[in-house]
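Working notes, structure below.
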Amino acid sequence: MASPSAGPAELGFVEAVPSWRLRSEQFPSKVGGRPAWLSAAGLPGPPELACPLCGRPMAFLLQVYAPLPGRADAFHRCLFLFCCRTPPCCCGLRVFRNQLPRGNDFYSYEPPSEDPPSETGESVQLQLKSGAHLCRVCGCSGPKRCSRCHKAHYCSKEHQSLDWRLGHKQACAQTDNLDSTVPDHNFLFPEFEIVIETEDEIMPEAVERDDESEIIGTMGEAHEEELESMAKHESREDRIFQKFKTKISPEPEQILRYGRGIAPLWISGEKIPQEKDIPDCPCGAKRLFEFQVMPQLLNYLKVDRLGRSVDWGVLAIFTCAESCKLGIGYTEEFVWKQDITDAA
Ligand SMILES: [Zn+2]
Ligand SMILES: [Zn+2]
Ligand SMILES: [Zn+2]
Ligand SMILES: [Zn+2]
């Protein structure tokens with residue numbers, strides 16, 4: 001997708017597609033399932049993919065393929081977002097960036113084929129071209145392995161015991177056919193492609209009008225100041241939420257808004273980050289807004305809306321303005337979470 005420095009957002013929508021379209025060599029943007037890793041080397045390891053709050057392994061939420069035109073070292077570029085889905089936490093978030101030149105060790109110089117691959121079967125990829133093993137449960141780097149069969153790999157004890165309970169206990173004693181028999185561990189999110197469309201810029205900014213003049217003038221002196229400040233707060237909160245609703249109303253199914261350097265669309269007046277809240281990249285460059293995940297995505301994730309579960313208003317992703325190359329592999333970027341406020 002193109003990356004203008006300003007201008008209309010590109011909108012992402014979920015779409016069900018055959019699974020081969022979501023493999024790494026197709027350079028997909030996608031939600032759920034296992035990550036379609038870009039570089040097969042330098043994957044974030046279990047410590048990087050542990051929830052910063054509860055320490056449990058996070059689940060892959062989505063990835064956005066976002067190359068930078070004119071940057072030979074970012075001919076391929078992808079952002080990977082992970083979240084904690086383990087109750088009662090369900091709060092941790094981390095995002096990683098990876099980029100590759102057109103000529104690299106993992107992919108053809110030519111664009112991928114539009115045709116389905118000739119080999120059949122939907123077997124889960126458990127090892128990358130680099131030789132790196134992937135966890136059978138989450139599809140992330142799996143440096144630990146089953147000490148009995150030495151064939152099953154895991155990111156953590158937690159995922160090993162989950163797989164053990166869900167069938168590896170039996171499979172471990174049997175022979176070779178392990179790779180094709182990954183059970184549903186009920187850990188991954190449902191998998192979809194993210195398709196991108198450019199947003200039409202037709203919405204007037206009418207909702208930006210000032211409605212603070214609506215403050216009631218007939219109240220007694222004593223409470224006037226207090227009421228005024230309440231009304232101001234409510235109307236600001238209201239305006240921001242109205243703007244959010246108006247902006248998305250032509251395309252209410254959008255799950256993602258992409259635009260490197262554009263302004264994020266906040267859902268609430270609370271927890272809007274200041275510049276100082278967005279840490280610079282370790283390379284020294286500022287971080288720019290690049291995309292945001294919308295609350296609509298929650299409808300596709302089959303998460304429990306009643307119990308404690310994954311939830312957000314807006315997830316805004318900020319990435320290095322230089323899209324620097326800090327060594328090989330995957331570089332951590334920054335996520336800002338805004339919740340939906342109940343106050344409005
Ligand atoms: Zn957590
Ligand atoms: Zn795992
Ligand atoms: Zn085993
Ligand atoms: Zn940087």
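In the structure tokens, chains take the letters A, B, ... in the order shown, each chain's residues start at 1, and ligands count up from 1 in the order shown.
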inquiry  = Can you work out which residues are within 8 Å of ligand 4, considering only C-alpha atoms and all ligand atoms, and then hand them over as a ChimeraX atom specification?
reply    = /A:280-287,319-326
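When the distance limit is 7 Å and only C-alpha atoms are what count, the residues near A:Pro101, minus those fewer than 4 positions from it on the same chain, are Ala72, Asp73, Ala74, Phe75 and His76 of chain A.
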Write a file of the just-selected residues containing N, CA, C and O atoms, as a short mmCIF file (atom, residue, chain, number, x, y, z; two decimals), in the first residue's frame.
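Result went into again38.cif, see below:
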data_model
loop_
_atom_site.label_atom_id
_atom_site.label_comp_id
_atom_site.auth_asym_id
_atom_site.auth_seq_id
_atom_site.Cartn_x
_atom_site.Cartn_y
_atom_site.Cartn_z
N ALA A 72 14.98 0.99 -0.96
CA ALA A 72 15.43 -0.33 -1.41
C ALA A 72 15.49 -1.34 -0.26
O ALA A 72 15.21 -2.52 -0.45
N ASP A 73 15.82 -0.85 0.94
CA ASP A 73 15.95 -1.78 2.07
C ASP A 73 14.59 -2.12 2.68
O ASP A 73 14.52 -2.95 3.59
N ALA A 74 13.52 -1.47 2.23
CA ALA A 74 12.17 -1.77 2.74
C ALA A 74 11.24 -2.06 1.57
O ALA A 74 10.09 -1.67 1.56
N PHE A 75 11.78 -2.77 0.57
CA PHE A 75 10.95 -3.19 -0.58
C PHE A 75 9.82 -4.07 -0.07
O PHE A 75 8.68 -3.99 -0.53
N HIS A 76 10.15 -4.96 0.87
CA HIS A 76 9.14 -5.67 1.65
C HIS A 76 9.20 -5.10 3.06
O HIS A 76 10.29 -4.88 3.61
#
request  = Go ahead and compute the interatomic distance for atom CA of A:Phe334 and atom CA of A:Ser141, in Å to one decimal.
outcome  =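 A separation of 20.8 Å between them.
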Within 9 Å of ligand 2, counting only C-alpha atoms and all ligand atoms, residues as a PyMOL selection string = chain A and resi 46+57-59+134-142+153-160
Take the residues from that selection and put them in a file with N, CA and C atoms, as a PDB file, in the first residue's frame.
ATOM      1  N   PRO A  46      10.581 -15.748  22.677  1.00  0.00           N
ATOM      2  CA  PRO A  46       9.590 -15.794  23.755  1.00  0.00           C
ATOM      3  C   PRO A  46       9.645 -14.604  24.722  1.00  0.00           C
ATOM      4  N   PRO A  57       2.439 -15.949  27.167  1.00  0.00           N
ATOM      5  CA  PRO A  57       2.664 -15.730  25.725  1.00  0.00           C
ATOM      6  C   PRO A  57       1.482 -14.978  25.095  1.00  0.00           C
ATOM      7  N   MET A  58       1.799 -13.974  24.291  1.00  0.00           N
ATOM      8  CA  MET A  58       0.747 -13.218  23.629  1.00  0.00           C
ATOM      9  C   MET A  58       0.310 -13.931  22.352  1.00  0.00           C
ATOM     10  N   ALA A  59      -0.874 -13.582  21.881  1.00  0.00           N
ATOM     11  CA  ALA A  59      -1.398 -14.164  20.637  1.00  0.00           C
ATOM     12  C   ALA A  59      -1.191 -13.177  19.496  1.00  0.00           C
ATOM     13  N   LEU A 134       8.967 -23.354  14.827  1.00  0.00           N
ATOM     14  CA  LEU A 134       7.864 -22.541  15.330  1.00  0.00           C
ATOM     15  C   LEU A 134       7.044 -23.329  16.349  1.00  0.00           C
ATOM     16  N   CYS A 135       6.519 -22.625  17.304  1.00  0.00           N
ATOM     17  CA  CYS A 135       5.665 -23.229  18.338  1.00  0.00           C
ATOM     18  C   CYS A 135       4.418 -23.821  17.691  1.00  0.00           C
ATOM     19  N   ARG A 136       4.069 -25.033  18.088  1.00  0.00           N
ATOM     20  CA  ARG A 136       2.899 -25.699  17.507  1.00  0.00           C
ATOM     21  C   ARG A 136       1.593 -25.003  17.876  1.00  0.00           C
ATOM     22  N   VAL A 137       1.608 -24.246  18.944  1.00  0.00           N
ATOM     23  CA  VAL A 137       0.370 -23.607  19.388  1.00  0.00           C
ATOM     24  C   VAL A 137       0.200 -22.230  18.758  1.00  0.00           C
ATOM     25  N   CYS A 138       1.242 -21.397  18.825  1.00  0.00           N
ATOM     26  CA  CYS A 138       1.062 -19.987  18.451  1.00  0.00           C
ATOM     27  C   CYS A 138       1.770 -19.588  17.164  1.00  0.00           C
ATOM     28  N   GLY A 139       2.643 -20.443  16.620  1.00  0.00           N
ATOM     29  CA  GLY A 139       3.326 -20.104  15.367  1.00  0.00           C
ATOM     30  C   GLY A 139       4.466 -19.118  15.526  1.00  0.00           C
ATOM     31  N   CYS A 140       4.846 -18.840  16.764  1.00  0.00           N
ATOM     32  CA  CYS A 140       5.990 -17.945  17.011  1.00  0.00           C
ATOM     33  C   CYS A 140       7.224 -18.799  17.292  1.00  0.00           C
ATOM     34  N   SER A 141       8.352 -18.119  17.412  1.00  0.00           N
ATOM     35  CA  SER A 141       9.612 -18.801  17.627  1.00  0.00           C
ATOM     36  C   SER A 141       9.497 -19.846  18.746  1.00  0.00           C
ATOM     37  N   GLY A 142       9.923 -21.071  18.451  1.00  0.00           N
ATOM     38  CA  GLY A 142       9.777 -22.173  19.398  1.00  0.00           C
ATOM     39  C   GLY A 142      11.096 -22.823  19.753  1.00  0.00           C
ATOM     40  N   HIS A 153       7.958 -28.529  18.896  1.00  0.00           N
ATOM     41  CA  HIS A 153       8.628 -27.324  19.389  1.00  0.00           C
ATOM     42  C   HIS A 153       7.626 -26.339  19.973  1.00  0.00           C
ATOM     43  N   TYR A 154       8.071 -25.593  20.966  1.00  0.00           N
ATOM     44  CA  TYR A 154       7.186 -24.668  21.682  1.00  0.00           C
ATOM     45  C   TYR A 154       7.914 -23.392  22.059  1.00  0.00           C
ATOM     46  N   CYS A 155       7.111 -22.343  22.241  1.00  0.00           N
ATOM     47  CA  CYS A 155       7.659 -21.070  22.712  1.00  0.00           C
ATOM     48  C   CYS A 155       7.829 -21.100  24.215  1.00  0.00           C
ATOM     49  N   SER A 156       7.024 -21.919  24.887  1.00  0.00           N
ATOM     50  CA  SER A 156       6.942 -21.833  26.348  1.00  0.00           C
ATOM     51  C   SER A 156       6.405 -23.132  26.934  1.00  0.00           C
ATOM     52  N   LYS A 157       6.629 -23.311  28.222  1.00  0.00           N
ATOM     53  CA  LYS A 157       6.050 -24.421  28.988  1.00  0.00           C
ATOM     54  C   LYS A 157       4.530 -24.402  28.871  1.00  0.00           C
ATOM     55  N   GLU A 158       3.996 -23.194  28.917  1.00  0.00           N
ATOM     56  CA  GLU A 158       2.547 -23.027  28.872  1.00  0.00           C
ATOM     57  C   GLU A 158       1.945 -23.630  27.599  1.00  0.00           C
ATOM     58  N   HIS A 159       2.573 -23.353  26.464  1.00  0.00           N
ATOM     59  CA  HIS A 159       2.041 -23.890  25.213  1.00  0.00           C
ATOM     60  C   HIS A 159       2.362 -25.374  25.056  1.00  0.00           C
ATOM     61  N   GLN A 160       3.473 -25.790  25.648  1.00  0.00           N
ATOM     62  CA  GLN A 160       3.770 -27.217  25.620  1.00  0.00           C
ATOM     63  C   GLN A 160       2.698 -27.997  26.373  1.00  0.00           C
TER      64      GLN A 160
END
key: Every residue of stretch 92-276 of chain A that DSSP places in helix (DSSP H, G or I), as an MDAnalysis selection string   = chainID A and resid 157:171 206:208 212:214 221:248 275:276
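Between A:Ser268 and the residues A:Gly103, A:Pro18, A:Pro252, A:Gly313, the shortest atom-to-atom distance, using only C-alpha atoms, involves A:Gly313.
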request  = Apply DSSP to the structure's backbone, then extract all residues of stretch 250-309 of chain A labelled strand (DSSP E or B) and return them as a ChimeraX atom specification.
outcome  = /A:256-258,287-293
Hey, can you spit out that residue selection with N, CA and C atoms as a tab-separated table (two decimals), in the first residue's frame?
chain	number	residue	atom	x	y	z
A	256	LEU	N	-9.45	-1.24	10.18
A	256	LEU	CA	-8.11	-0.68	10.24
A	256	LEU	C	-8.07	0.60	9.41
A	257	ARG	N	-7.33	1.59	9.90
A	257	ARG	CA	-7.08	2.81	9.13
A	257	ARG	C	-5.58	2.98	9.02
A	258	TYR	N	-5.07	3.06	7.80
A	258	TYR	CA	-3.64	3.13	7.56
A	258	TYR	C	-3.29	4.46	6.93
A	287	ARG	N	8.97	8.73	16.38
A	287	ARG	CA	8.03	7.75	15.83
A	287	ARG	C	6.81	8.48	15.28
A	288	LEU	N	6.34	8.00	14.12
A	288	LEU	CA	5.17	8.55	13.44
A	288	LEU	C	3.99	7.61	13.61
A	289	PHE	N	2.79	8.19	13.62
A	289	PHE	CA	1.60	7.34	13.53
A	289	PHE	C	1.64	6.60	12.19
A	290	GLU	N	1.32	5.31	12.22
A	290	GLU	CA	1.27	4.58	10.94
A	290	GLU	C	-0.09	3.96	10.67
A	291	PHE	N	-0.68	3.29	11.68
A	291	PHE	CA	-2.05	2.79	11.46
A	291	PHE	C	-2.76	2.61	12.79
A	292	GLN	N	-4.08	2.43	12.69
A	292	GLN	CA	-4.84	2.16	13.90
A	292	GLN	C	-5.80	1.01	13.65
A	293	VAL	N	-6.00	0.23	14.72
A	293	VAL	CA	-6.95	-0.87	14.69
A	293	VAL	C	-8.24	-0.37	15.31
Select from chain A every residue with an atom at most 10 Å from any atom of ligand 3, then for each give the shortest pair of atoms and their distance in Å to one decimal, using only C-alpha atoms and all ligand atoms, rows by chain and rising number, as CSV.
residue,atom,partner,partner_atom_place_in_ligand_line,distance
A:Arg145,CA,ligand 3,1 (Zn),7.7
A:Cys146,CA,ligand 3,1 (Zn),4.5
A:Ser147,CA,ligand 3,1 (Zn),6.5
A:Arg148,CA,ligand 3,1 (Zn),5.0
A:Cys149,CA,ligand 3,1 (Zn),4.0
A:His150,CA,ligand 3,1 (Zn),6.1
A:Lys151,CA,ligand 3,1 (Zn),6.2
A:Ala152,CA,ligand 3,1 (Zn),5.5
A:His153,CA,ligand 3,1 (Zn),8.6
A:Gln160,CA,ligand 3,1 (Zn),9.2
A:Asp163,CA,ligand 3,1 (Zn),9.6
A:Trp164,CA,ligand 3,1 (Zn),8.1
A:His168,CA,ligand 3,1 (Zn),6.3
A:Lys169,CA,ligand 3,1 (Zn),7.2
A:Gln170,CA,ligand 3,1 (Zn),8.8
A:Ala171,CA,ligand 3,1 (Zn),7.1
A:Cys172,CA,ligand 3,1 (Zn),3.9
A:Ala173,CA,ligand 3,1 (Zn),7.1
A:Gln174,CA,ligand 3,1 (Zn),9.0
A:Thr175,CA,ligand 3,1 (Zn),9.9
A:Leu178,CA,ligand 3,1 (Zn),9.1
key: Within-7 Å residues of ligand 1, basis only C-alpha atoms and all ligand atoms, as a PyMOL selection string   = chain A and resi 51-56+84-86+89-92
inquiry  = So that I can see what lies close to A:Leu265, please list as an NGL selection string the residues with an atom at most 12 Å from it, counting only C-alpha atoms and leaving out residues fewer than 4 positions away in the same chain.
reply    = :A and (8-9 or 240-248 or 256-259 or 269 or 272 or 289-295 or 313-317 or 338)
Could you give me, as a tab-separated table, every stretch 12-110 of chain A residue with an atom at most 9 Å from stretch 185-203 of chain A, plus its closest atom pair and distance in Å to one decimal, counting only C-alpha atoms, rows ordered by chain then number?
residue	atom	partner	partner_atom	distance
A:Gly12	CA	A:Ile196	CA	4.5
A:Phe13	CA	A:Val195	CA	5.3
A:Val14	CA	A:Ile194	CA	4.7
A:Glu15	CA	A:Glu193	CA	5.2
A:Ala16	CA	A:Phe192	CA	5.1
A:Val17	CA	A:Glu193	CA	6.4
A:Ser19	CA	A:Glu191	CA	8.5
A:Arg21	CA	A:Glu193	CA	8.1
A:Leu22	CA	A:Glu193	CA	6.8
A:Pro28	CA	A:Glu193	CA	7.1
A:Ser29	CA	A:Ile194	CA	5.2
A:Lys30	CA	A:Glu193	CA	4.3
A:Val31	CA	A:Phe192	CA	5.2
A:Gly32	CA	A:Glu191	CA	4.3
A:Gly33	CA	A:Glu191	CA	4.7
A:Arg34	CA	A:Leu188	CA	7.0
A:Ala59	CA	A:Leu188	CA	6.4
A:Phe60	CA	A:Leu188	CA	7.1
A:Leu61	CA	A:Phe189	CA	7.0
A:Leu62	CA	A:Ile194	CA	8.9
A:Gln63	CA	A:Ile194	CA	8.7
A:Val64	CA	A:Ile194	CA	8.0
A:Arg85	CA	A:Phe187	CA	8.3
task = For atom CA of A:Ser235 and atom CA of A:Asp277, determine how far apart the two atoms are, in Å to one decimal place.
result = 24.8 Å
